[in-house]
$ cat model.pdb   # PDB, C-alpha atoms and all ligand atoms
MODEL        1
ATOM      1  CA  MET A 439      20.047  39.033  81.471
ATOM      2  CA  VAL A 440      17.417  40.034  78.953
ATOM      3  CA  LEU A 441      18.610  43.602  78.960
ATOM      4  CA  LEU A 442      22.317  42.829  78.627
ATOM      5  CA  LYS A 443      21.650  40.349  75.820
ATOM      6  CA  LYS A 444      19.463  42.890  74.079
ATOM      7  CA  LEU A 445      22.155  45.545  74.361
ATOM      8  CA  LEU A 446      24.842  43.196  73.047
ATOM      9  CA  ASN A 447      22.536  42.227  70.221
ATOM     10  CA  ASN A 448      21.957  45.866  69.305
ATOM     11  CA  LEU A 449      25.651  46.529  69.552
ATOM     12  CA  ALA A 450      26.304  44.068  66.735
ATOM     13  CA  PHE A 451      24.406  46.430  64.435
ATOM     14  CA  HIS A 452      24.768  49.943  65.914
ATOM     15  CA  SER A 453      27.574  51.384  67.953
ATOM     16  CA  PRO A 454      27.206  52.694  70.555
ATOM     17  CA  ALA A 455      24.107  50.766  71.620
ATOM     18  CA  VAL A 456      21.486  53.020  73.168
ATOM     19  CA  LEU A 457      18.744  52.054  75.599
ATOM     20  CA  THR A 458      15.709  54.214  76.196
ATOM     21  CA  GLU A 459      14.239  54.766  79.663
ATOM     22  CA  GLU A 460      11.079  53.069  78.471
ATOM     23  CA  GLU A 461      12.890  49.835  77.494
ATOM     24  CA  GLY A 462      15.101  49.944  80.565
ATOM     25  CA  LYS A 463      12.123  50.221  82.920
ATOM     26  CA  LYS A 464      10.883  46.817  81.746
ATOM     27  CA  HIS A 465      13.898  45.278  83.508
ATOM     28  CA  PRO A 466      14.413  47.542  86.518
ATOM     29  CA  LYS A 467      16.804  45.278  88.486
ATOM     30  CA  GLU A 468      19.095  44.677  85.577
ATOM     31  CA  LEU A 469      19.001  48.366  84.672
ATOM     32  CA  GLU A 470      20.055  49.269  88.201
ATOM     33  CA  VAL A 471      22.949  46.787  88.212
ATOM     34  CA  LEU A 472      24.235  47.872  84.802
ATOM     35  CA  ILE A 473      24.074  51.542  85.817
ATOM     36  CA  SER A 474      25.810  50.925  89.145
ATOM     37  CA  LEU A 475      28.635  49.051  87.371
ATOM     38  CA  GLY A 476      29.077  51.895  84.893
ATOM     39  CA  VAL A 477      28.191  49.587  81.991
ATOM     40  CA  LEU A 478      25.301  51.922  81.202
ATOM     41  CA  LYS A 479      25.918  55.632  81.371
ATOM     42  CA  GLN A 480      23.422  58.377  80.783
ATOM     43  CA  ASP A 481      23.401  59.610  77.219
ATOM     44  CA  THR A 482      22.699  63.207  76.188
ATOM     45  CA  PHE A 483      19.006  64.037  75.872
ATOM     46  CA  PRO A 484      17.656  63.849  72.350
ATOM     47  CA  GLN A 485      17.188  67.258  70.709
ATOM     48  CA  GLU A 486      14.010  66.208  68.928
ATOM     49  CA  ARG A 487      11.058  63.914  69.377
ATOM     50  CA  TRP A 488       8.307  62.464  67.182
ATOM     51  CA  CYS A 489       5.454  64.986  66.935
ATOM     52  CA  PRO A 490       2.455  63.680  68.953
ATOM     53  CA  SER A 491       0.029  66.049  67.146
ATOM     54  CA  CYS A 492       0.471  65.063  63.535
ATOM     55  CA  GLU A 493       2.599  61.929  64.028
ATOM     56  CA  SER A 494       4.417  62.631  60.799
ATOM     57  CA  GLU A 495       7.471  64.717  61.713
ATOM     58  CA  SER A 496      10.333  65.135  64.148
ATOM     59  CA  VAL A 497      10.119  68.390  66.072
ATOM     60  CA  PRO A 498      12.677  70.216  68.259
ATOM     61  CA  ILE A 499      12.274  69.917  72.026
ATOM     62  CA  GLN A 500      11.959  73.157  74.036
ATOM     63  CA  THR A 501      13.000  72.588  77.651
ATOM     64  CA  ILE A 502      11.348  74.583  80.437
ATOM     65  CA  SER A 503      12.619  72.729  83.499
ATOM     66  CA  LYS A 504      13.952  69.310  84.465
ATOM     67  CA  GLU A 505      10.439  67.850  84.419
ATOM     68  CA  ARG A 506       8.743  70.032  81.857
ATOM     69  CA  ALA A 507       9.297  70.486  78.146
ATOM     70  CA  TYR A 508       7.198  70.856  75.017
ATOM     71  CA  THR A 509       7.194  70.470  71.280
ATOM     72  CA  LEU A 510       5.190  72.415  68.741
ATOM     73  CA  CYS A 511       3.689  70.933  65.617
ATOM     74  CA  THR A 512       4.810  72.678  62.429
ATOM     75  CA  THR A 513       2.282  71.162  60.023
ATOM     76  CA  ASN A 514      -0.873  72.131  61.887
ATOM     77  CA  GLU A 515      -1.074  75.845  62.725
ATOM     78  CA  GLU A 516      -3.986  75.276  65.114
ATOM     79  CA  ALA A 517      -2.026  72.854  67.262
ATOM     80  CA  ALA A 518      -1.080  73.910  70.806
ATOM     81  CA  ARG A 519       2.156  73.145  72.633
ATOM     82  CA  ASP A 520       2.504  69.456  73.503
ATOM     83  CA  TYR A 521       3.879  69.375  77.063
ATOM     84  CA  PHE A 522       5.657  66.327  78.452
ATOM     85  CA  ASP A 523       8.150  65.202  81.096
ATOM     86  CA  PRO A 524      11.583  65.150  79.416
ATOM     87  CA  GLN A 525      12.752  62.454  81.880
ATOM     88  CA  THR A 526      10.717  59.974  79.828
ATOM     89  CA  LEU A 527      13.156  60.587  76.956
ATOM     90  CA  LYS A 528      16.163  59.769  79.102
ATOM     91  CA  GLN A 529      18.458  57.293  77.391
ATOM     92  CA  TRP A 530      21.462  55.182  78.275
ATOM     93  CA  GLN A 531      24.543  54.360  76.327
ATOM     94  CA  PHE A 532      26.318  51.019  76.556
ATOM     95  CA  ASN A 533      29.859  51.690  77.791
ATOM     96  CA  LEU A 534      31.804  49.021  75.917
ATOM     97  CA  PRO A 535      35.317  49.747  77.272
ATOM     98  CA  LYS A 536      33.903  49.524  80.802
ATOM     99  CA  PHE A 537      32.167  46.225  80.018
ATOM    100  CA  LEU A 538      35.362  44.742  78.533
ATOM    101  CA  GLU A 539      37.375  45.948  81.527
ATOM    102  CA  LEU A 540      34.915  44.205  83.821
ATOM    103  CA  ALA A 541      34.986  41.017  81.735
ATOM    104  CA  ALA A 542      38.816  40.980  81.832
ATOM    105  CA  LYS A 543      38.918  41.438  85.578
ATOM    106  CA  GLU A 544      36.299  38.796  86.323
ATOM    107  CA  LEU A 545      37.520  36.188  83.828
ATOM    108  CA  LYS A 546      41.121  36.639  85.038
ATOM    109  CA  ILE A 547      42.397  37.981  81.746
ATOM    110  CA  LYS A 548      45.478  40.178  82.112
ATOM    111  CA  ASP A 549      43.969  43.231  80.530
ATOM    112  CA  ASP A 550      45.525  45.256  77.773
ATOM    113  CA  ILE A 551      42.340  46.582  76.164
ATOM    114  CA  LYS A 552      42.949  47.991  72.701
ATOM    115  CA  ASN A 553      40.618  48.777  69.839
ATOM    116  CA  VAL A 554      42.557  46.955  67.116
ATOM    117  CA  VAL A 555      40.100  47.370  64.220
ATOM    118  CA  ALA A 556      38.327  50.725  64.447
ATOM    119  CA  ASN A 557      35.079  50.329  66.353
ATOM    120  CA  ASP A 558      34.828  46.645  65.321
ATOM    121  CA  LEU A 559      37.427  44.552  67.077
ATOM    122  CA  TRP A 560      39.117  44.806  70.469
ATOM    123  CA  LEU A 561      41.997  42.968  72.072
ATOM    124  CA  ILE A 562      41.002  42.327  75.684
ATOM    125  CA  GLY A 563      44.252  40.793  76.906
ATOM    126  CA  THR A 564      46.150  37.588  77.607
ATOM    127  CA  LEU A 565      45.263  34.631  79.726
ATOM    128  CA  GLN A 566      47.649  32.035  81.069
ATOM    129  CA  LYS A 567      46.344  28.879  82.670
ATOM    130  CA  ASP A 568      48.181  25.595  83.375
ATOM    131  CA  SER A 569      51.097  26.825  81.206
ATOM    132  CA  ARG A 570      48.719  27.353  78.267
ATOM    133  CA  HIS A 571      48.592  30.741  76.579
ATOM    134  CA  PHE A 572      45.572  32.503  75.069
ATOM    135  CA  LEU A 573      44.854  35.891  73.546
ATOM    136  CA  VAL A 574      41.312  37.130  74.097
ATOM    137  CA  PHE A 575      39.485  39.404  71.661
ATOM    138  CA  TYR A 576      36.010  40.842  71.356
ATOM    139  CA  SER A 577      34.344  41.327  67.993
ATOM    140  CA  ARG A 578      31.503  43.833  67.937
ATOM    141  CA  THR A 579      30.273  42.817  64.510
ATOM    142  CA  ASN A 580      29.053  39.325  63.737
ATOM    143  CA  ASP A 581      31.031  39.111  60.534
ATOM    144  CA  ILE A 582      34.131  37.730  62.228
ATOM    145  CA  ASN A 583      35.459  36.136  59.068
ATOM    146  CA  SER A 584      36.146  39.639  57.782
ATOM    147  CA  HIS A 585      38.851  39.728  60.486
ATOM    148  CA  ALA A 586      40.577  36.508  59.349
ATOM    149  CA  ALA A 587      43.418  38.319  57.580
ATOM    150  CA  PHE A 588      43.918  40.514  60.633
ATOM    151  CA  PHE A 589      44.206  37.493  62.934
ATOM    152  CA  ASP A 590      46.587  35.650  60.616
ATOM    153  CA  ALA A 591      48.843  38.704  60.490
ATOM    154  CA  PHE A 592      48.600  39.513  64.209
ATOM    155  CA  LYS A 593      52.113  39.581  65.632
ATOM    156  CA  SER A 594      52.288  37.656  68.871
ATOM    157  CA  PRO A 595      53.945  34.425  69.986
ATOM    158  CA  VAL A 596      50.528  33.414  71.344
ATOM    159  CA  ARG A 597      48.629  31.577  68.608
ATOM    160  CA  ALA A 598      45.498  30.457  70.485
ATOM    161  CA  PHE A 599      42.827  33.114  70.027
ATOM    162  CA  VAL A 600      39.547  33.374  71.911
ATOM    163  CA  ILE A 601      37.062  35.657  70.185
ATOM    164  CA  PHE A 602      34.083  36.876  72.151
ATOM    165  CA  THR A 603      31.047  37.853  70.143
ATOM    166  CA  ASN A 604      27.647  39.358  70.922
ATOM    167  CA  THR A 605      25.621  36.484  69.520
ATOM    168  CA  GLU A 606      26.174  32.980  68.141
ATOM    169  CA  THR A 607      28.369  33.370  65.102
ATOM    170  CA  PRO A 608      29.950  30.898  62.699
ATOM    171  CA  LEU A 609      33.441  29.546  63.286
ATOM    172  CA  ILE A 610      36.469  31.240  61.882
ATOM    173  CA  ASN A 611      39.193  29.436  59.949
ATOM    174  CA  LEU A 612      42.686  30.775  60.300
ATOM    175  CA  ASN A 613      45.898  29.645  58.602
ATOM    176  CA  LYS A 614      48.369  30.606  61.299
ATOM    177  CA  ALA A 615      46.473  30.357  64.549
ATOM    178  CA  GLU A 616      43.744  28.421  66.291
ATOM    179  CA  ALA A 617      40.643  30.366  67.228
ATOM    180  CA  ILE A 618      37.438  29.659  69.086
ATOM    181  CA  VAL A 619      34.424  31.925  68.968
ATOM    182  CA  MET A 620      31.893  32.283  71.774
ATOM    183  CA  PRO A 621      29.139  34.658  72.849
ATOM    184  CA  ILE A 622      30.361  36.615  75.863
ATOM    185  CA  ALA A 623      26.911  36.473  77.468
ATOM    186  CA  ASP A 624      27.333  32.696  77.939
ATOM    187  CA  PHE A 625      29.675  33.359  80.852
ATOM    188  CA  VAL A 626      27.811  36.028  82.752
ATOM    189  CA  GLU A 627      24.675  36.000  84.874
ATOM    190  CA  LEU A 628      22.741  38.610  86.760
ATOM    191  CA  LYS A 629      22.790  38.429  90.547
ATOM    192  CA  THR A 630      20.839  40.718  92.872
ATOM    193  CA  LYS A 631      23.399  43.479  92.960
ATOM    194  CA  SER A 632      26.011  42.539  90.414
ATOM    195  CA  LEU A 633      26.908  40.483  87.419
ATOM    196  CA  SER A 634      28.351  37.084  88.188
ATOM    197  CA  TRP A 635      30.977  35.701  85.808
ATOM    198  CA  ASP A 636      31.560  31.994  85.393
ATOM    199  CA  THR A 637      35.352  32.081  85.339
ATOM    200  CA  ASN A 638      35.926  28.352  85.907
ATOM    201  CA  THR A 639      33.648  27.218  83.105
ATOM    202  CA  PHE A 640      35.270  29.731  80.801
ATOM    203  CA  GLN A 641      38.848  28.729  81.606
ATOM    204  CA  ASN A 642      38.159  24.997  81.568
ATOM    205  CA  HIS A 643      36.468  25.379  78.228
ATOM    206  CA  LEU A 644      39.626  26.966  76.835
ATOM    207  CA  LEU A 645      41.815  24.135  78.118
ATOM    208  CA  THR A 646      39.791  21.541  76.255
ATOM    209  CA  ALA A 647      38.879  23.546  73.162
ATOM    210  CA  PHE A 648      42.385  24.090  71.830
ATOM    211  CA  ARG A 649      44.763  21.498  70.482
ATOM    212  CA  GLN A 650      47.966  21.441  72.504
ATOM    213  CA  VAL A 651      50.252  20.876  69.537
ATOM    214  CA  VAL A 652      49.588  22.405  66.137
ATOM    215  CA  PHE A 653      51.795  22.217  63.071
ATOM    216  CA  TYR A 654      50.742  24.549  60.264
ATOM    217  CA  PRO A 655      51.674  22.926  56.938
ATOM    218  CA  SER A 656      50.989  26.248  55.145
ATOM    219  CA  ASN A 657      54.072  27.917  56.615
ATOM    220  CA  GLY A 658      55.749  25.447  58.984
ATOM    221  CA  ASP A 659      54.762  27.239  62.222
ATOM    222  CA  PHE A 660      54.993  24.993  65.239
ATOM    223  CA  VAL A 661      52.685  25.929  68.107
ATOM    224  CA  VAL A 662      52.705  24.207  71.501
ATOM    225  CA  LEU A 663      50.313  25.090  74.351
ATOM    226  CA  GLY A 664      49.110  28.100  72.400
ATOM    227  CA  LYS A 665      52.563  29.559  71.833
ATOM    228  CA  LEU A 666      54.518  29.764  68.584
ATOM    229  CA  LEU A 667      57.830  28.062  69.361
ATOM    230  CA  GLY A 668      59.400  28.159  65.935
ATOM    231  CA  THR A 669      59.015  27.600  62.236
ATOM    232  CA  ILE A 670      60.230  24.616  60.263
ATOM    233  CA  THR A 671      61.295  25.741  56.795
ATOM    234  CA  PRO A 672      58.714  24.471  54.295
ATOM    235  CA  SER A 673      59.948  21.840  51.820
ATOM    236  CA  SER A 674      63.014  21.038  53.942
ATOM    237  CA  PRO A 675      63.660  17.420  55.061
ATOM    238  CA  GLU A 676      62.709  18.479  58.628
ATOM    239  CA  TYR A 677      59.436  19.898  57.308
ATOM    240  CA  PHE A 678      58.380  16.576  55.730
ATOM    241  CA  PHE A 679      59.506  14.743  58.867
ATOM    242  CA  ALA A 680      57.221  16.982  60.988
ATOM    243  CA  TYR A 681      54.459  16.874  58.388
ATOM    244  CA  THR A 682      54.103  13.097  58.353
ATOM    245  CA  LEU A 683      54.088  12.961  62.158
ATOM    246  CA  TRP A 684      51.453  15.726  62.272
ATOM    247  CA  ASP A 685      49.414  13.915  59.650
ATOM    248  CA  ASN A 686      49.420  10.832  61.902
ATOM    249  CA  PHE A 687      48.991  12.705  65.173
ATOM    250  CA  ASN A 688      49.102  10.467  68.257
ATOM    251  CA  GLN A 689      49.960   7.396  66.173
ATOM    252  CA  PRO A 690      53.386   5.794  65.888
ATOM    253  CA  VAL A 691      55.043   6.231  62.485
ATOM    254  CA  SER A 692      57.920   3.819  61.914
ATOM    255  CA  HIS A 693      61.336   5.185  61.050
ATOM    256  CA  GLU A 694      61.096   3.295  57.754
ATOM    257  CA  SER A 695      57.800   4.995  56.832
ATOM    258  CA  ILE A 696      59.108   8.443  57.781
ATOM    259  CA  PHE A 697      62.283   7.894  55.777
ATOM    260  CA  SER A 698      60.534   6.702  52.638
ATOM    261  CA  TYR A 699      57.916   9.470  52.847
ATOM    262  CA  CYS A 700      60.606  12.149  53.141
ATOM    263  CA  LYS A 701      62.691  10.703  50.305
ATOM    264  CA  GLU A 702      59.640  10.613  48.077
ATOM    265  CA  GLN A 703      58.671  14.226  48.902
ATOM    266  CA  LEU A 704      62.225  15.418  48.410
ATOM    267  CA  GLY A 705      62.578  13.542  45.114
ATOM    268  CA  LYS A 706      65.795  11.973  46.391
ATOM    269  CA  GLN A 707      65.079   8.270  46.352
ATOM    270  CA  ASN A 708      68.691   7.179  46.247
ATOM    271  CA  ASP A 709      70.694  10.138  47.557
ATOM    272  CA  TYR A 710      70.607   9.243  51.235
ATOM    273  CA  THR A 711      73.236   6.911  52.571
ATOM    274  CA  ASP A 712      71.711   7.139  56.065
ATOM    275  CA  THR A 713      69.732   4.329  57.535
ATOM    276  CA  ALA A 714      66.092   5.140  58.348
ATOM    277  CA  GLN A 715      66.999   5.269  62.025
ATOM    278  CA  ALA A 716      69.946   7.640  61.519
ATOM    279  CA  PHE A 717      67.868   9.873  59.241
ATOM    280  CA  CYS A 718      65.022  10.126  61.742
ATOM    281  CA  ASN A 719      67.328  10.838  64.667
ATOM    282  CA  LYS A 720      69.042  13.553  62.653
ATOM    283  CA  MET A 721      65.683  15.093  61.703
ATOM    284  CA  LYS A 722      64.554  15.184  65.300
ATOM    285  CA  SER A 723      67.747  16.807  66.475
ATOM    286  CA  ASN A 724      67.515  19.390  63.652
ATOM    287  CA  VAL A 725      63.919  20.156  64.644
ATOM    288  CA  LYS A 726      65.185  20.769  68.188
ATOM    289  CA  LYS A 727      67.450  23.490  66.807
ATOM    290  CA  GLN A 728      64.544  25.194  65.037
ATOM    291  CA  ILE A 729      62.071  24.853  67.916
ATOM    292  CA  LYS A 730      64.147  26.365  70.655
ATOM    293  CA  ASN A 731      62.461  25.084  73.734
ATOM    294  CA  GLY A 732      62.841  21.859  75.655
ATOM    295  CA  VAL A 733      59.427  20.805  74.418
ATOM    296  CA  VAL A 734      60.451  18.769  71.344
ATOM    297  CA  ASP A 735      61.269  15.643  73.375
ATOM    298  CA  LYS A 736      57.827  15.899  74.959
ATOM    299  CA  VAL A 737      55.853  16.249  71.730
ATOM    300  CA  ILE A 738      57.901  14.020  69.405
ATOM    301  CA  ALA A 739      58.214  10.857  71.426
ATOM    302  CA  SER A 740      60.192   7.693  70.678
ATOM    303  CA  THR A 741      57.890   4.716  70.560
ATOM    304  CA  LYS A 742      57.245   1.442  68.735
ATOM    305  CA  THR A 743      54.673   0.438  66.168
ATOM    306  CA  PRO A 744      52.270  -2.407  67.090
ATOM    307  CA  SER A 745      54.552  -4.738  65.105
ATOM    308  CA  GLY A 746      57.562  -3.659  67.162
ATOM    309  CA  SER A 747      59.450  -1.336  64.779
ATOM    310  CA  ASN A 748      61.138   1.757  66.109
ATOM    311  CA  ALA A 749      58.926   4.779  65.561
ATOM    312  CA  TYR A 750      58.179   8.364  66.479
ATOM    313  CA  LYS A 751      54.853   9.891  67.302
ATOM    314  CA  MET A 752      53.751  13.473  67.648
ATOM    315  CA  THR A 753      51.644  13.846  70.757
ATOM    316  CA  ASN A 754      50.449  16.280  73.406
ATOM    317  CA  PRO A 755      53.135  17.217  75.936
ATOM    318  CA  ARG A 756      52.934  15.240  79.188
TER     319      ARG A 756
HETATM  320 ZN    ZN B 801       3.487  67.833  63.783
ENDMDL
END
$ encode --input "model.pdb" --output "structure tokens"
Amino acid sequence: MVLLKKLLNNLAFHSPAVLTEEEGKKHPKELEVLISLGVLKQDTFPQERWCPSCESESVPIQTISKERAYTLCTTNEEAARDYFDPQTLKQWQFNLPKFLELAAKELKIKDDIKNVVANDLWLIGTLQKDSRHFLVFYSRTNDINSHAAFFDAFKSPVRAFVIFTNTETPLINLNKAEAIVMPIADFVELKTKSLSWDTNTFQNHLLTAFRQVVFYPSNGDFVVLGKLLGTITPSSPEYFFAYTLWDNFNQPVSHESIFSYCKEQLGKQNDYTDTAQAFCNKMKSNVKKQIKNGVVDKVIASTKTPSGSNAYKMTNPR
């Protein structure tokens, strides 16, 4: 895996990543596997090489045959032709689309490979597992936070993003989606004749890494199992109802507490003639109209507080 990691590392800084024959030969087995998979393809021969006579200039290569070529020093008139085997200058180019295609296939991602930010960011595809939805990306550069605006604006009902990187990179904070970042090399290993991908570890990691219910107070988006199911209009009574439940995730909030919180936020202390119970029931049924999916009853559950008052709690769907 040394070679693949090295290539991915280089890729973070130069694209395409190029491997010389000399470097490749240090890891012959890996080189063979990567070539046979099409992940490495032969690059064009360089047109020049470093002058071995004076060691201070790049000189053009004159090819005689497949195994014989020479360069001629231009600074020393006495110098003779420097013959060499051009095969030693052979180099390989990392075939990124091929690598991503392979990753998609092996990790069971439904592939739809697209370069979404020129030469920097790719969409690999979608993954569905246990009714959870994920969008998988690959970032070539390590500066993933430069893509934050792109991710927040990305139009898709799927709001759980997996971002593969070349190396360990910092987390990314998004306002309208959840994202996890992981080095792609963590899920692949070299076997005798192929690369072996750890699909189960990868998929199980996704199932535990993402929250199953996310309410975004910034814009009212309501995401369940990775999918945007609707938006609750900010500053509406329903918004404050959802907000206080989100703020107390997995804990019962009594109808009385919800009612007084909403009245306070709305600045309408005395305008409601409803009882707390009636208000809360109405809010929940209004939320059901905005989140059009049978999921609301599963994530906003009727319950009781420890002291026995009627309450709601926002929770993971069961
Ligand atoms: Zn020279």
$ residues_near_ligand --input "model.pdb" --ligand "ligand ZN 801 (chain B)" --cutoff "12 Å" --atoms "all atoms listed in the file" --output "tab-separated table (two decimals) with C-alpha atoms, keeping the file's coordinate frame"
chain	number	residue	atom	x	y	z
A	486	GLU	CA	14.01	66.21	68.93
A	487	ARG	CA	11.06	63.91	69.38
A	488	TRP	CA	8.31	62.46	67.18
A	489	CYS	CA	5.45	64.99	66.94
A	490	PRO	CA	2.46	63.68	68.95
A	491	SER	CA	0.03	66.05	67.15
A	492	CYS	CA	0.47	65.06	63.54
A	493	GLU	CA	2.60	61.93	64.03
A	494	SER	CA	4.42	62.63	60.80
A	495	GLU	CA	7.47	64.72	61.71
A	496	SER	CA	10.33	65.14	64.15
A	497	VAL	CA	10.12	68.39	66.07
A	498	PRO	CA	12.68	70.22	68.26
A	509	THR	CA	7.19	70.47	71.28
A	510	LEU	CA	5.19	72.42	68.74
A	511	CYS	CA	3.69	70.93	65.62
A	512	THR	CA	4.81	72.68	62.43
A	513	THR	CA	2.28	71.16	60.02
A	514	ASN	CA	-0.87	72.13	61.89
A	515	GLU	CA	-1.07	75.84	62.72
A	516	GLU	CA	-3.99	75.28	65.11
A	517	ALA	CA	-2.03	72.85	67.26
A	518	ALA	CA	-1.08	73.91	70.81
A	519	ARG	CA	2.16	73.14	72.63
A	520	ASP	CA	2.50	69.46	73.50
$ residues_around --input "model.pdb" --residues "Glu544 (chain A)" --least-positions-apart "2" --cutoff "9 Å" --atoms "all atoms listed in the file" --output "PDB file with C-alpha atoms, keeping the file's coordinate frame"
ATOM      1  CA  GLU A 539      37.375  45.948  81.527  1.00  0.00           C
ATOM      2  CA  LEU A 540      34.915  44.205  83.821  1.00  0.00           C
ATOM      3  CA  ALA A 541      34.986  41.017  81.735  1.00  0.00           C
ATOM      4  CA  ALA A 542      38.816  40.980  81.832  1.00  0.00           C
ATOM      5  CA  LYS A 546      41.121  36.639  85.038  1.00  0.00           C
ATOM      6  CA  ILE A 547      42.397  37.981  81.746  1.00  0.00           C
ATOM      7  CA  SER A 634      28.351  37.084  88.188  1.00  0.00           C
ATOM      8  CA  TRP A 635      30.977  35.701  85.808  1.00  0.00           C
ATOM      9  CA  ASP A 636      31.560  31.994  85.393  1.00  0.00           C
ATOM     10  CA  THR A 637      35.352  32.081  85.339  1.00  0.00           C
TER      11      THR A 637
END
$ resolve_selection --input "model.pdb" --expression "the PyMOL selection byres (((chain A and resi 670) around 12) and not hetatm)" --output "JSON, numbers by chain"
{"A": [653, 654, 655, 656, 657, 658, 659, 660, 661, 666, 667, 668, 669, 671, 672, 673, 674, 675, 676, 677, 678, 679, 680, 681, 721, 722, 724, 725, 726, 727, 728, 729, 730]}
$ resolve_selection --input "model.pdb" --expression "the PyMOL selection byres (((chain A and resi 467-481) around 12) and not hetatm)" --output "short mmCIF file (atom, residue, chain, number, x, y, z; two decimals) with C-alpha atoms, in the coordinates of the input"
data_model
loop_
_atom_site.label_atom_id
_atom_site.label_comp_id
_atom_site.auth_asym_id
_atom_site.auth_seq_id
_atom_site.Cartn_x
_atom_site.Cartn_y
_atom_site.Cartn_z
CA MET A 439 20.05 39.03 81.47
CA VAL A 440 17.42 40.03 78.95
CA LEU A 441 18.61 43.60 78.96
CA LEU A 442 22.32 42.83 78.63
CA LYS A 443 21.65 40.35 75.82
CA LYS A 444 19.46 42.89 74.08
CA LEU A 445 22.16 45.54 74.36
CA LEU A 446 24.84 43.20 73.05
CA PRO A 454 27.21 52.69 70.56
CA ALA A 455 24.11 50.77 71.62
CA VAL A 456 21.49 53.02 73.17
CA LEU A 457 18.74 52.05 75.60
CA THR A 458 15.71 54.21 76.20
CA GLU A 459 14.24 54.77 79.66
CA GLU A 460 11.08 53.07 78.47
CA GLU A 461 12.89 49.84 77.49
CA GLY A 462 15.10 49.94 80.56
CA LYS A 463 12.12 50.22 82.92
CA LYS A 464 10.88 46.82 81.75
CA HIS A 465 13.90 45.28 83.51
CA PRO A 466 14.41 47.54 86.52
CA THR A 482 22.70 63.21 76.19
CA PHE A 483 19.01 64.04 75.87
CA PRO A 484 17.66 63.85 72.35
CA GLN A 485 17.19 67.26 70.71
CA GLN A 525 12.75 62.45 81.88
CA LEU A 527 13.16 60.59 76.96
CA LYS A 528 16.16 59.77 79.10
CA GLN A 529 18.46 57.29 77.39
CA TRP A 530 21.46 55.18 78.28
CA GLN A 531 24.54 54.36 76.33
CA PHE A 532 26.32 51.02 76.56
CA ASN A 533 29.86 51.69 77.79
CA LEU A 534 31.80 49.02 75.92
CA PRO A 535 35.32 49.75 77.27
CA LYS A 536 33.90 49.52 80.80
CA PHE A 537 32.17 46.22 80.02
CA LEU A 538 35.36 44.74 78.53
CA GLU A 539 37.38 45.95 81.53
CA LEU A 540 34.92 44.20 83.82
CA ALA A 541 34.99 41.02 81.74
CA GLU A 627 24.68 36.00 84.87
CA LEU A 628 22.74 38.61 86.76
CA LYS A 629 22.79 38.43 90.55
CA THR A 630 20.84 40.72 92.87
CA LYS A 631 23.40 43.48 92.96
CA SER A 632 26.01 42.54 90.41
CA LEU A 633 26.91 40.48 87.42
CA SER A 634 28.35 37.08 88.19
#
$ atom_distance --input "model.pdb" --atom1 "CA of Phe588 (chain A)" --atom2 "CA of Asn604 (chain A)"
19.3 Å
$ closest_residue --input "model.pdb" --among "A:Phe451, A:Tyr710, A:Phe602, A:Phe625" --to "Leu545 (chain A)" --atoms "only C-alpha atoms"
A:Phe625
$ resolve_selection --input "model.pdb" --expression "the PyMOL selection byres (((chain A and resi 665) around 7) and not hetatm)" --output "PDB file with C-alpha atoms, keeping the file's coordinate frame"
ATOM      1  CA  HIS A 571      48.592  30.741  76.579  1.00  0.00           C
ATOM      2  CA  PRO A 595      53.945  34.425  69.986  1.00  0.00           C
ATOM      3  CA  VAL A 596      50.528  33.414  71.344  1.00  0.00           C
ATOM      4  CA  ARG A 597      48.629  31.577  68.608  1.00  0.00           C
ATOM      5  CA  VAL A 661      52.685  25.929  68.107  1.00  0.00           C
ATOM      6  CA  VAL A 662      52.705  24.207  71.501  1.00  0.00           C
ATOM      7  CA  LEU A 663      50.313  25.090  74.351  1.00  0.00           C
ATOM      8  CA  GLY A 664      49.110  28.100  72.400  1.00  0.00           C
ATOM      9  CA  LEU A 666      54.518  29.764  68.584  1.00  0.00           C
ATOM     10  CA  LEU A 667      57.830  28.062  69.361  1.00  0.00           C
TER      11      LEU A 667
END
